[in-house]
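One structure is given here, and the rest of the page talks about it.
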Amino acid sequence: MSTIAATSIAAPQPKTRASTREWIAVLAGMIGAFMAILNIQITNASLLDIEGGIGTGVDNGAWISTSYLIGEIVVIPLTAYFSNVFSFRRFILVNSVLFPLFSIACAFAHDLGTMIVLRGLQGFAGGVLIPMAFTMVLTKLPKSQQPLGLAIFALSVTFAPAIGPTIGGYLTENYGWQTIFFINAIPSAIMAVALALTLDKQPMQLGLLREGDWAGIFTMAIGLSALQTVLEEGNKEDWFSSPFIVKLSIVAFVFLVAFIWIELTVEKPLVKLRLLKQRNFGIGVAVNVLVGVALFGTVYILPQYLGQVQRYNAEQIGNVLAWTGLPQLLLIPLVPMMMKRFDARYIGFLGISIFAISCFMNITLSADTAGDQFWIPNIVRAIGQALVLTPITAITTAGIAPSDAAAASGLTNMLRNLGGAVGTATLGTLLTKREQFHSNIIGQSVTLGRDEVRNRLDQMTGYFLQHGVSDHAVAAQKAIVALGQIVRRQALILGFADTFAVIGVVLAIAAVALLLTQKPRAGGGAGAH
């Protein structure tokens, strides 16, 4: 009997349930991740209003989103290192306070330069909150509860971008664009208080600053910032016909190559790229990047279509996008139960496939395709997205040691966001090129040599003569201009249809790639307790 007791003392059973205190900390971290990701997209439906408010041109407004994303992408891989230097508790608390402060400051910006700086700082503080929430799931929850934690994280990553334009559009139309920067205050205050009460105090290790991979930090920050700027400005500047884009591309290439070389050769790298050699982690990160292209791409393309083609205002755009977010609230909590019964790879494959199908449903766009016609595709997309991120994350983190959890989190989240940035830029360029292509094709058929065209011009000329134009020549000229606008609108619609097709193909590749991973152990997630 005493032998049994001694054995049980020597080998305690692994913890199967997290304490209430640990769950409060994890959920508080999720508030931060949700708000940080929400703020990537919250300005998308309101850019025209913000541009007018700070007195900048339409072409420059995209920097309001881009500067935030640059801040996030740069800081995410730095988070693991700085949380060791300043302590996990201190670092997340400081940034949970700075995030709403920089956000509120954005509401008082009066010019583009100030807005870009403040949004960059907001993104820098918000970017810290994303991987730290992910890390808490992998370190504070036992294996059996990690799928539930990952499902909550997945809700932040997929629901926040979908609902962001809805919230932003509603607030902008009813209370002014400044209000979208105030909504972070109360959730951030709740998060900060909860984290302060539940996270254990740890000493700072300022000595680690001397051991820091500063060459890696410098090359990564310059390289990623240059790359993100190239992606944002490339289409507007006609890519490599612009000396500015060429020079910036060279800077991005040189610094990122140097960064990769440094990370693979130094003893204590900032980003543990060697983790990518693990089969599940490497393939999982690649799938995450492709899913990031689709997640951010669809939230970018659909508002553009509704605004440019259908002339929807910010609130109307938000109402359409809401149906890609709301169903996920019901479905994502069910995914951990599914993962206990079915192989996570097949759940992820099914989710990505459904997501792809929703994109292919939009390749038959016409002038009559407006908000109501997107209802079913958006519901299908919501179902697919709900089944995507939790299984992928469980597969990706299977086999990752607890000591590598923070590094794996930073790498995964950075590359998913970077995939979104690359995807958005690529889709913007594709839209421009395909619109030109379709405009040329349609234009070849719309010639004065065809009876249908001459008849249509006669009808439109008559319309203008009946509606206030007295000069026949002026009416005829207006008819030609109007017909040209019809051709351009139709070409634009076909261009948008092509972008949805490309997103669908990207997702199809991701779905097949996911099947190349190994089956994760029951419970999914990184080694924890």
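A note on labels: chains of the structure tokens are A, B, ... as shown, every chain counts residues from 1, and ligands are counted from 1 in their shown order.
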
Quiz item: What lies within 7 Å of stretch 229-240 of chain A using only C-alpha atoms, ignoring chain neighbours under 2 positions off, as a ChimeraX atom specification?
Solution: /A:225-227,242-243,245-246,248-249,422,425,429

Quiz item: Skipping near chain neighbours, those fewer than 6 positions away, what residues fall within 12 Å of A:Gly462 using only C-alpha atoms, listed as a VMD selection string?
Solution: chain A and resid 455 to 456 468 to 479

Keeping only N, CA and C atoms, write those residues as an mmCIF file, in the first residue's frame.
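Heads up, here's the output in result_39.cif:
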data_model
loop_
_atom_site.group_PDB
_atom_site.id
_atom_site.type_symbol
_atom_site.label_atom_id
_atom_site.label_comp_id
_atom_site.auth_asym_id
_atom_site.auth_seq_id
_atom_site.Cartn_x
_atom_site.Cartn_y
_atom_site.Cartn_z
ATOM 1 N N ASN A 455 -28.227 51.369 -82.867
ATOM 2 C CA ASN A 455 -29.586 51.501 -82.334
ATOM 3 C C ASN A 455 -29.559 51.913 -80.862
ATOM 4 N N ARG A 456 -28.639 51.310 -80.103
ATOM 5 C CA ARG A 456 -28.542 51.642 -78.672
ATOM 6 C C ARG A 456 -28.108 53.092 -78.495
ATOM 7 N N GLY A 468 -33.307 67.307 -70.950
ATOM 8 C CA GLY A 468 -32.605 68.561 -70.693
ATOM 9 C C GLY A 468 -31.468 68.911 -71.619
ATOM 10 N N VAL A 469 -31.084 68.027 -72.564
ATOM 11 C CA VAL A 469 -30.008 68.364 -73.506
ATOM 12 C C VAL A 469 -30.648 68.799 -74.822
ATOM 13 N N SER A 470 -30.397 70.035 -75.234
ATOM 14 C CA SER A 470 -31.054 70.558 -76.436
ATOM 15 C C SER A 470 -30.217 70.334 -77.706
ATOM 16 N N ASP A 471 -28.912 70.283 -77.577
ATOM 17 C CA ASP A 471 -28.020 70.123 -78.724
ATOM 18 C C ASP A 471 -27.863 68.638 -79.061
ATOM 19 N N HIS A 472 -28.180 68.264 -80.300
ATOM 20 C CA HIS A 472 -28.124 66.848 -80.703
ATOM 21 C C HIS A 472 -26.691 66.308 -80.619
ATOM 22 N N ALA A 473 -25.714 67.110 -81.005
ATOM 23 C CA ALA A 473 -24.315 66.670 -80.975
ATOM 24 C C ALA A 473 -23.861 66.380 -79.540
ATOM 25 N N VAL A 474 -24.277 67.241 -78.620
ATOM 26 C CA VAL A 474 -23.923 67.034 -77.205
ATOM 27 C C VAL A 474 -24.590 65.770 -76.673
ATOM 28 N N ALA A 475 -25.868 65.567 -77.044
ATOM 29 C CA ALA A 475 -26.596 64.371 -76.618
ATOM 30 C C ALA A 475 -25.932 63.113 -77.163
ATOM 31 N N ALA A 476 -25.496 63.156 -78.413
ATOM 32 C CA ALA A 476 -24.828 61.997 -79.019
ATOM 33 C C ALA A 476 -23.511 61.693 -78.310
ATOM 34 N N GLN A 477 -22.787 62.756 -77.948
ATOM 35 C CA GLN A 477 -21.517 62.572 -77.231
ATOM 36 C C GLN A 477 -21.759 61.958 -75.855
ATOM 37 N N LYS A 478 -22.802 62.442 -75.166
ATOM 38 C CA LYS A 478 -23.145 61.885 -73.855
ATOM 39 C C LYS A 478 -23.521 60.411 -73.973
ATOM 40 N N ALA A 479 -24.190 60.057 -75.069
ATOM 41 C CA ALA A 479 -24.582 58.663 -75.296
ATOM 42 C C ALA A 479 -23.352 57.770 -75.449
#

Self-check item: atom CA of A:Thr298 to atom CA of A:Cys106, straight-line distance in Å
Solution: 26.0 Å

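Across A:Thr135, A:Thr20, A:Gln316, A:Thr369, the tightest approach to A:Thr412 is made by A:Thr135 when counting only C-alpha atoms.
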
Exercise. Name all residues at most 8 Å from A:Ala513 (count only C-alpha atoms; drop same-chain ones fewer than 4 positions away) and give them as an MDAnalysis selection string.
Key: chainID A and resid 283 287 509 517

Save the residues we just selected, N, CA, C and O atoms, as a PDB file, in the first residue's frame?
ATOM      1  N   ILE A 283       4.088  22.152 -43.516  1.00  0.00           N
ATOM      2  CA  ILE A 283       2.909  22.101 -44.402  1.00  0.00           C
ATOM      3  C   ILE A 283       1.784  22.930 -43.812  1.00  0.00           C
ATOM      4  O   ILE A 283       1.075  23.657 -44.532  1.00  0.00           O
ATOM      5  N   VAL A 287      -0.258  25.986 -45.543  1.00  0.00           N
ATOM      6  CA  VAL A 287      -1.726  26.003 -45.672  1.00  0.00           C
ATOM      7  C   VAL A 287      -2.285  27.261 -45.018  1.00  0.00           C
ATOM      8  O   VAL A 287      -3.200  27.899 -45.549  1.00  0.00           O
ATOM      9  N   ILE A 509      -5.820  24.269 -53.661  1.00  0.00           N
ATOM     10  CA  ILE A 509      -4.429  23.849 -53.438  1.00  0.00           C
ATOM     11  C   ILE A 509      -4.183  23.624 -51.943  1.00  0.00           C
ATOM     12  O   ILE A 509      -3.554  22.640 -51.538  1.00  0.00           O
ATOM     13  N   THR A 517      -0.226  16.124 -44.548  1.00  0.00           N
ATOM     14  CA  THR A 517       0.273  16.125 -43.167  1.00  0.00           C
ATOM     15  C   THR A 517       0.021  14.771 -42.519  1.00  0.00           C
ATOM     16  O   THR A 517      -0.746  13.944 -43.020  1.00  0.00           O
TER      17      THR A 517
END

Practice problem: Excluding stretch 160-166 of chain A and residues on its chain fewer than 6 positions from it, collect all residues at most 8 Å away from it, counting only C-alpha atoms, and give them as JSON, numbers by chain. | Solution: {"A": [34, 35, 37, 38, 39, 40, 41, 42, 43, 44, 45, 46, 295, 296, 299, 314, 315, 317, 318, 319, 320, 321, 322, 324, 325, 326]}

Output for the residues just chosen: C-alpha atoms as a tab-separated table (two decimals), in the first residue's frame:
chain	number	residue	atom	x	y	z
A	34	PHE	CA	-10.08	39.54	-31.52
A	35	MET	CA	-9.76	43.33	-31.24
A	37	ILE	CA	-7.55	41.33	-35.89
A	38	LEU	CA	-10.84	43.25	-36.03
A	39	ASN	CA	-8.89	46.49	-36.47
A	40	ILE	CA	-7.18	45.25	-39.63
A	41	GLN	CA	-10.51	45.28	-41.45
A	42	ILE	CA	-12.63	47.74	-39.47
A	43	THR	CA	-11.56	50.70	-41.64
A	44	ASN	CA	-12.15	48.93	-44.98
A	45	ALA	CA	-15.80	49.87	-45.41
A	46	SER	CA	-15.14	53.40	-44.13
A	295	LEU	CA	-9.52	35.13	-45.62
A	296	PHE	CA	-8.14	38.60	-46.21
A	299	VAL	CA	-12.92	40.54	-47.13
A	314	ALA	CA	-20.37	51.58	-45.66
A	315	GLU	CA	-23.31	50.32	-43.61
A	317	ILE	CA	-21.51	46.71	-47.24
A	318	GLY	CA	-21.21	45.76	-43.58
A	319	ASN	CA	-24.69	44.23	-43.56
A	320	VAL	CA	-23.80	41.97	-46.50
A	321	LEU	CA	-20.53	40.85	-44.89
A	322	ALA	CA	-22.21	40.14	-41.55
A	324	THR	CA	-19.98	35.55	-43.30
A	325	GLY	CA	-19.40	36.16	-39.61
A	326	LEU	CA	-22.56	35.49	-37.61

Hey, what's within 7 Å of A:Arg416 if we count only C-alpha atoms and toss same-chain stuff fewer than 3 positions away? As a compact mmCIF listing (two decimals) with N, CA, C and O atoms, in the first residue's frame, please?
# COMPACT_ATOMS: atom_id res chain seq x y z
N ASN A 288 -1.72 27.63 -43.86
CA ASN A 288 -2.14 28.86 -43.17
C ASN A 288 -1.96 30.09 -44.04
O ASN A 288 -2.79 30.99 -44.06
N VAL A 289 -0.84 30.14 -44.78
CA VAL A 289 -0.56 31.27 -45.67
C VAL A 289 -1.62 31.33 -46.77
O VAL A 289 -2.17 32.40 -47.08
N GLY A 292 -4.79 32.41 -45.39
CA GLY A 292 -4.70 33.86 -45.13
C GLY A 292 -4.99 34.67 -46.39
O GLY A 292 -5.68 35.69 -46.34
N THR A 412 3.68 31.36 -37.24
CA THR A 412 2.41 31.01 -37.89
C THR A 412 1.56 32.26 -38.14
O THR A 412 1.06 32.47 -39.25
N ASN A 413 1.41 33.08 -37.11
CA ASN A 413 0.54 34.26 -37.24
C ASN A 413 1.13 35.31 -38.17
O ASN A 413 0.41 35.96 -38.93
N GLY A 419 0.59 36.41 -45.73
CA GLY A 419 -0.15 35.81 -46.85
C GLY A 419 -1.35 36.65 -47.22
O GLY A 419 -1.64 36.84 -48.42
N GLY A 420 -2.03 37.19 -46.20
CA GLY A 420 -3.16 38.07 -46.48
C GLY A 420 -2.74 39.33 -47.21
O GLY A 420 -3.41 39.79 -48.14

Exercise. Find the residues near stretch 340-355 of chain A: any atom within 7 Å, counting only C-alpha atoms, skip ones fewer than 6 places away on the same chain, and give them as a list in words.
Key: Val380, Arg381, Gly384, Gln385, Leu387, Val388, Pro391, Ile392, Leu507, Ala508, Ala511, Leu514, Leu515 and Lys519 of chain A

Exercise. Once DSSP has gone over the backbone, tell me which residues of stretch 141-326 of chain A are in helix (DSSP H, G or I), as a PyMOL selection string.
Key: chain A and resi 143-175+177-181+185-198+208-211+214-233+239-241+243-265+273-277+279-308+314-326

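For the choices A:Phe182, A:Phe159, A:Phe108, A:Phe124, the atom-to-atom distance to A:Val94 is smallest for A:Phe124 when using only C-alpha atoms.
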
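For the pair atom CA of A:Ile92 and atom CA of A:Gly282, the interatomic distance is 27.6 Å.
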
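The residue that comes closest to A:Leu112, out of A:Asp368, A:Glu51, A:Glu173, A:Glu211 and on the basis of only C-alpha atoms, is A:Glu51.
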
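The interatomic distance for the pair atom CA of A:Glu22 and atom CA of A:Leu98 works out to 23.6 Å.
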
Exercise. Would you mind listing what lies within 7 Å of A:Lys268 as a list in words, with only C-alpha atoms counted and same-chain residues fewer than 2 positions away left out?
Key: Asp213, Val266 and Leu270 of chain A

Using only C-alpha atoms, I'd like a table of the residues in stretch 109-170 of chain A that come within 8 Å of stretch 395-407 of chain A; for each, show the closest atom pair and its distance in Å rounded to one decimal, ordered by chain and ascending number, as CSV.
residue,atom,partner,partner_atom,distance
A:Pro131,CA,A:Ala406,CA,7.2
A:Met132,CA,A:Ala406,CA,7.4
A:Thr135,CA,A:Ala406,CA,5.3
A:Leu138,CA,A:Ala405,CA,6.5
A:Thr139,CA,A:Pro402,CA,6.4

Can you spit out the residues from that selection as a PDB file, in the first residue's frame, using N, CA, C and O atoms?
ATOM      1  N   PRO A 131      -0.227  36.677 -31.127  1.00  0.00           N
ATOM      2  CA  PRO A 131       0.514  35.461 -30.785  1.00  0.00           C
ATOM      3  C   PRO A 131       0.510  35.145 -29.300  1.00  0.00           C
ATOM      4  O   PRO A 131       0.610  33.975 -28.909  1.00  0.00           O
ATOM      5  N   MET A 132       0.381  36.176 -28.432  1.00  0.00           N
ATOM      6  CA  MET A 132       0.381  35.905 -26.996  1.00  0.00           C
ATOM      7  C   MET A 132      -0.895  35.171 -26.578  1.00  0.00           C
ATOM      8  O   MET A 132      -0.866  34.314 -25.688  1.00  0.00           O
ATOM      9  N   THR A 135      -0.250  31.643 -27.718  1.00  0.00           N
ATOM     10  CA  THR A 135       0.719  30.988 -26.829  1.00  0.00           C
ATOM     11  C   THR A 135       0.052  30.534 -25.537  1.00  0.00           C
ATOM     12  O   THR A 135       0.357  29.449 -25.015  1.00  0.00           O
ATOM     13  N   LEU A 138      -1.571  27.208 -25.844  1.00  0.00           N
ATOM     14  CA  LEU A 138      -0.645  26.073 -25.902  1.00  0.00           C
ATOM     15  C   LEU A 138       0.116  25.836 -24.604  1.00  0.00           C
ATOM     16  O   LEU A 138       0.657  24.752 -24.396  1.00  0.00           O
ATOM     17  N   THR A 139       0.159  26.824 -23.718  1.00  0.00           N
ATOM     18  CA  THR A 139       0.942  26.664 -22.490  1.00  0.00           C
ATOM     19  C   THR A 139       0.096  26.593 -21.215  1.00  0.00           C
ATOM     20  O   THR A 139       0.532  26.012 -20.226  1.00  0.00           O
TER      21      THR A 139
END

Quiz item: From the list A:Leu418, A:Leu148, A:Ala196, A:Leu93, which residue is nearest A:Leu129 when using only C-alpha atoms?
Solution: A:Leu93
